[in-house]
Amino acid sequence: FTVSCAGGVRVICNVPVETTEINDNMKALNVEVYGLKGGHSGIDIGRPHLNGIAVLGEILNAIPCEYGIFEISTGDKLNVIPQGAGAKIVVPPQMKDLVRESIQKAVKELSDKNAKIEPDFGVKVTGTAIGRGCTTHESSMVIARVLQEMPDSVQTMNGDAVESSLNMGMAILEDSLTIGTMLRSNLEAEKGNMVTKIRELIEPLNGTVVCEADYPSWEYREDSPLRDAMIEIYRDMFGVTPKIESIHAGLECGLFA
């Protein structure tokens, strides 16, 4: 018998960025994170999976020189743990080889650390066509930091069960950096706590945080005559005690309750 489910809310963040024209002699590189397991942000979030967008942020933070970003490509489903992510960047021509080496060093460290949980993880760095404009180096550093530091994955547990979590499922670079995150919690109060964590990262950067599609959790009831009756009836009918569990995905029961 399922006796509790998560409530959820979509959180859309916008962080302003500054852009500049790209010098013709700059070299453009496509940085692509691939091969992560991914999964459903309600069912699989408790498994030791990496988030492709967060990994991209860590890779960008490893670049040892000034650079600009002119494209970020990720999934667009907030309830899907990203299996990968990509960014197109420009670097000074004399720094191209050093950038590749620095990225591969960061990838090896990540791969060695997570070999058991993400055996197929990798990052490709290839040449690509140059864009018309890109973010300034200062804005590029802000983007990398936000992608890496955005609260993500399991936040609290209740025994062996996930109680609250976040999933950064989308990042888009246009006139600003837009990030979409799905928050889930089996306790209503924890949803507010997670939104506060996001605000503490985004708002000091003059960014905005908007909550959408909020739906309630179905909180576990310590005292439940209905549950007690169902357990007794099931035991009488089948001779075994039923399994009682919570689910970290959203169910209609949250609204019914």
# chains A, B, ... in the order shown; residues from 1 in each chain; ligands from 1
call {"tool": "residues_around", "arguments": {"residues": "segment 10-14 of chain A", "least_positions_apart": "2", "cutoff": "10 Å", "atoms": "only C-alpha atoms", "output": "MDAnalysis selection string"}}
result
chainID A and resid 8 16:17 78:79 166:168 170:173 175:184 195 198:199 202:203 205:215
call {"tool": "residues_around", "arguments": {"residues": "segment 109-121 of chain A", "least_positions_apart": "2", "cutoff": "6 Å", "atoms": "only C-alpha atoms", "output": "ChimeraX atom specification"}}
result
/A:34-36,106-107
call {"tool": "closest_residue", "arguments": {"among": "A:Leu50, A:Met194, A:Leu29, A:Met141", "to": "Pro82 of chain A", "atoms": "only C-alpha atoms"}}
result
A:Leu50
call {"tool": "select_by_dssp", "arguments": {"residues": "segment 110-161 of chain A", "states": "alpha helix (DSSP H)", "output": "ChimeraX atom specification"}}
result
/A:110-113,137-149
call {"tool": "select_by_dssp", "arguments": {"residues": "segment 16-50 of chain A", "states": "strand (DSSP E or B)", "output": "list in words"}}
result
Pro16, Thr19, Thr20, Glu21, Lys27, Ala28, Leu29, Asn30, Val31, Glu32, Val33, Tyr34, Gly39 and His40 of chain A
call {"tool": "closest_atom_pairs", "arguments": {"of": "segment 33-109 of chain A", "to": "segment 122-125 of chain A", "cutoff": "12 Å", "atoms": "only C-alpha atoms", "output": "Markdown table"}}
result
| residue | atom | partner | partner_atom | distance |
| --- | --- | --- | --- | --- |
| A:Val33 | CA | A:Val123 | CA | 4.5 |
| A:Tyr34 | CA | A:Gly122 | CA | 5.5 |
| A:Gly35 | CA | A:Gly122 | CA | 6.2 |
| A:Leu36 | CA | A:Gly122 | CA | 8.1 |
| A:Lys37 | CA | A:Gly122 | CA | 11.7 |
| A:Leu50 | CA | A:Gly122 | CA | 11.8 |
| A:Gly52 | CA | A:Val123 | CA | 10.3 |
| A:Val55 | CA | A:Val123 | CA | 9.7 |
| A:Leu56 | CA | A:Val123 | CA | 9.0 |
| A:Glu58 | CA | A:Val123 | CA | 11.7 |
| A:Ile59 | CA | A:Val123 | CA | 9.0 |
| A:Leu60 | CA | A:Val123 | CA | 11.5 |
| A:Gln83 | CA | A:Gly122 | CA | 10.7 |
| A:Gly84 | CA | A:Val123 | CA | 9.0 |
| A:Ala85 | CA | A:Val123 | CA | 9.5 |
| A:Gly86 | CA | A:Val123 | CA | 9.2 |
| A:Ala87 | CA | A:Val125 | CA | 9.9 |
| A:Lys88 | CA | A:Val125 | CA | 9.6 |
| A:Ile89 | CA | A:Val125 | CA | 10.4 |
| A:Lys96 | CA | A:Val125 | CA | 10.5 |
| A:Asp97 | CA | A:Val125 | CA | 10.7 |
| A:Val99 | CA | A:Val125 | CA | 9.5 |
| A:Arg100 | CA | A:Val125 | CA | 6.9 |
| A:Glu101 | CA | A:Val125 | CA | 10.0 |
| A:Ser102 | CA | A:Val125 | CA | 11.1 |
| A:Ile103 | CA | A:Val125 | CA | 8.3 |
| A:Gln104 | CA | A:Val123 | CA | 7.8 |
| A:Lys105 | CA | A:Val123 | CA | 10.8 |
| A:Ala106 | CA | A:Val123 | CA | 9.8 |
| A:Val107 | CA | A:Val123 | CA | 6.8 |
| A:Lys108 | CA | A:Gly122 | CA | 8.7 |
| A:Glu109 | CA | A:Gly122 | CA | 11.3 |
call {"tool": "residues_around", "arguments": {"residues": "segment 133-138 of chain A", "least_positions_apart": "4", "cutoff": "12 Å", "atoms": "only C-alpha atoms", "output": "NGL selection string"}}
result
:A and (16-24 or 26 or 28 or 60-61 or 63-72 or 87-92 or 142-145 or 173-177 or 205)
call {"tool": "residues_around", "arguments": {"residues": "segment 189-191 of chain A", "least_positions_apart": "6", "cutoff": "10 Å", "atoms": "only C-alpha atoms", "output": "PDB file with N, CA, C and O atoms, in the first residue's frame"}}
result
ATOM      1  N   ALA A   6       5.128  12.469  -3.104  1.00  0.00           N
ATOM      2  CA  ALA A   6       5.769  13.784  -3.131  1.00  0.00           C
ATOM      3  C   ALA A   6       4.860  14.822  -3.777  1.00  0.00           C
ATOM      4  O   ALA A   6       4.098  14.517  -4.694  1.00  0.00           O
ATOM      5  N   GLY A   7       4.951  16.031  -3.274  1.00  0.00           N
ATOM      6  CA  GLY A   7       4.430  17.174  -3.998  1.00  0.00           C
ATOM      7  C   GLY A   7       5.575  17.765  -4.809  1.00  0.00           C
ATOM      8  O   GLY A   7       6.741  17.387  -4.640  1.00  0.00           O
ATOM      9  N   GLY A   8       5.268  18.674  -5.693  1.00  0.00           N
ATOM     10  CA  GLY A   8       6.326  19.217  -6.540  1.00  0.00           C
ATOM     11  C   GLY A   8       6.046  20.633  -6.991  1.00  0.00           C
ATOM     12  O   GLY A   8       4.935  21.147  -6.855  1.00  0.00           O
ATOM     13  N   VAL A   9       7.071  21.249  -7.535  1.00  0.00           N
ATOM     14  CA  VAL A   9       6.950  22.584  -8.112  1.00  0.00           C
ATOM     15  C   VAL A   9       8.075  22.773  -9.123  1.00  0.00           C
ATOM     16  O   VAL A   9       9.190  22.286  -8.923  1.00  0.00           O
ATOM     17  N   GLN A 155      18.111  15.857  -1.233  1.00  0.00           N
ATOM     18  CA  GLN A 155      18.380  16.838  -0.182  1.00  0.00           C
ATOM     19  C   GLN A 155      18.150  16.254   1.205  1.00  0.00           C
ATOM     20  O   GLN A 155      18.937  16.492   2.111  1.00  0.00           O
ATOM     21  N   THR A 156      17.064  15.509   1.397  1.00  0.00           N
ATOM     22  CA  THR A 156      16.811  14.865   2.695  1.00  0.00           C
ATOM     23  C   THR A 156      16.269  13.458   2.462  1.00  0.00           C
ATOM     24  O   THR A 156      15.642  13.166   1.442  1.00  0.00           O
ATOM     25  N   GLU A 163      13.202  11.800   0.682  1.00  0.00           N
ATOM     26  CA  GLU A 163      12.147  12.660   1.220  1.00  0.00           C
ATOM     27  C   GLU A 163      12.010  13.949   0.427  1.00  0.00           C
ATOM     28  O   GLU A 163      10.909  14.437   0.192  1.00  0.00           O
ATOM     29  N   SER A 164      13.147  14.542   0.011  1.00  0.00           N
ATOM     30  CA  SER A 164      13.089  15.764  -0.800  1.00  0.00           C
ATOM     31  C   SER A 164      14.263  15.783  -1.764  1.00  0.00           C
ATOM     32  O   SER A 164      15.342  15.272  -1.465  1.00  0.00           O
ATOM     33  N   SER A 165      14.033  16.358  -2.950  1.00  0.00           N
ATOM     34  CA  SER A 165      15.070  16.351  -3.984  1.00  0.00           C
ATOM     35  C   SER A 165      14.822  17.464  -4.989  1.00  0.00           C
ATOM     36  O   SER A 165      13.734  18.037  -5.065  1.00  0.00           O
ATOM     37  N   LEU A 166      15.867  17.760  -5.763  1.00  0.00           N
ATOM     38  CA  LEU A 166      15.769  18.699  -6.870  1.00  0.00           C
ATOM     39  C   LEU A 166      16.369  18.038  -8.104  1.00  0.00           C
ATOM     40  O   LEU A 166      17.267  17.210  -8.003  1.00  0.00           O
ATOM     41  N   LEU A 183      11.382  20.446  -8.282  1.00  0.00           N
ATOM     42  CA  LEU A 183      11.522  20.151  -6.856  1.00  0.00           C
ATOM     43  C   LEU A 183      10.449  19.155  -6.445  1.00  0.00           C
ATOM     44  O   LEU A 183       9.300  19.268  -6.862  1.00  0.00           O
ATOM     45  N   ASP A 214       2.699  24.306  -9.013  1.00  0.00           N
ATOM     46  CA  ASP A 214       2.878  23.755  -7.662  1.00  0.00           C
ATOM     47  C   ASP A 214       1.752  22.765  -7.363  1.00  0.00           C
ATOM     48  O   ASP A 214       0.587  23.078  -7.560  1.00  0.00           O
ATOM     49  N   PRO A 216       0.485  19.649  -4.345  1.00  0.00           N
ATOM     50  CA  PRO A 216       0.764  19.305  -2.943  1.00  0.00           C
ATOM     51  C   PRO A 216       1.278  17.884  -2.755  1.00  0.00           C
ATOM     52  O   PRO A 216       0.989  16.982  -3.546  1.00  0.00           O
ATOM     53  N   SER A 217       2.018  17.714  -1.676  1.00  0.00           N
ATOM     54  CA  SER A 217       2.446  16.372  -1.281  1.00  0.00           C
ATOM     55  C   SER A 217       1.300  15.668  -0.550  1.00  0.00           C
ATOM     56  O   SER A 217       0.347  16.301  -0.098  1.00  0.00           O
TER      57      SER A 217
END
call {"tool": "atom_distance", "arguments": {"atom1": "atom CA of Val162 of chain A", "atom2": "atom CA of His248 of chain A"}}
result
6.5 Å
call {"tool": "closest_residue", "arguments": {"among": "A:Gln148, A:Asn193, A:Ser4, A:Asn158", "to": "Ala249 of chain A", "atoms": "only C-alpha atoms"}}
result
A:Ser4
call {"tool": "atom_distance", "arguments": {"atom1": "atom CA of Arg132 of chain A", "atom2": "atom CA of Ser73 of chain A"}}
result
16.8 Å
